[in-house]
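First up is the structure itself, then whatever we jot down about it.
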Amino acid sequence: YTILHTSNFKQTWNWAIFMLTVYTALTVPFELVYTSVQQDTYIEVINMCVDAAFIIDIIISFRTTFVGNGMEVVSDFKSIRNHYIRGWFLIDLASSIPLEMIDIIYQQFKAYSNVVIRRLRLLKMVRLLRLFRVLRRIDHYMEYAG
């Protein structure tokens, strides 16, 4: 199954990922500075849902068409896969690590200090790189729609 990069689903998904990235941009610095290592359960659940959405975004990206160098829509799975792996895959992967789960496990075993847990949370800032990609996608798709 291939998802057309200009489809309503993909545009809606891009806006959702954009909003989750903005959420991350606003909450992570706050979590790093003002919250203790032990977070409220509802914040952990929200953050786990955000982590899950970023993982789903990787799967969707492996199935989404793109515009090739010759301005043709590329829908071949191998070409999509190779294009994604050579492009944003590593950044997406790094930003999709389920840090909330790792954080919870480390807290349960008290294996790491507060400093290590805060550094793990700092890895979430990699997600901010997604802002640039999603904004570029949305702008690009708006050109097609217009």
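Ligands are numbered from 1 in the order shown, chains are lettered A, B, ... in the order of the structure tokens, and residues start at 1 in each chain.
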- Message: Excluding segment 86-89 of chain A and its own-chain neighbours fewer than 3 positions away, which residues fall within 9 Å of it when counting only C-alpha atoms? Please give them as a list in words.
- Response: Ile58, Ser61, Arg81, Asn82, His83, Asp92, Leu93, Ala94, Arg130 and Arg133 of chain A
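Among the candidate residues A:Ile43, A:Met19, A:Ser96, A:Ile80, the one lying nearest to Ile56 of chain A is A:Ser96, with distances computed using only C-alpha atoms.
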- Task: Mind checking which residues fall within 10 Å of Met48 of chain A, counting only C-alpha atoms, ignoring those fewer than 4 positions away in the same chain, and posting them as number ranges by chain?
- Result: A: 42-44, 52-54, 98-101
- Message: I need the residue nearest Ile85 of chain A from this list: A:Leu4, A:Thr12, A:Phe62, A:Asp51. Use only C-alpha atoms for the distance.
- Response: A:Phe62
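Counting only C-alpha atoms and comparing A:Asn47, A:Thr2, A:Leu128, A:Leu135, the residue that lies closest to Ile102 of chain A is A:Asn47.
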- Task: For Phe66 of chain A, work out the shell of residues within 10 Å, counting only C-alpha atoms and skipping chain neighbours fewer than 6 positions away, then give it as a list in words.
- Result: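 Once the nearby chain positions are removed, what remains is Ile3, Leu4, His5, Thr6, Glu72, Val73, Val74, Ser75, Asp76, Ser79, Ile80, His83 and Tyr84 of chain A.
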- Pick from A:Val134, A:Leu129, A:Leu90, A:Ala16: nearest to Val50 of chain A, with only C-alpha atoms counted?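 Residue with the minimum atom-to-atom distance to Val50 of chain A: A:Ala16.
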- For atom CA of Leu131 of chain A and atom CA of Thr64 of chain A, the interatomic separation in Å (one decimal):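 Going from atom CA of Leu131 of chain A over to atom CA of Thr64 of chain A, I get 18.2 Å.
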- Item | Residues flagged strand (DSSP E) by DSSP in segment 4-115 of chain A, as a ChimeraX atom specification | /A:66-67,73-74
- In Å, with one decimal, what is the gap from atom CA of Thr21 of chain A to atom CA of Val45 of chain A?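 About the pair atom CA of Thr21 of chain A and atom CA of Val45 of chain A: they are 16.3 Å apart.
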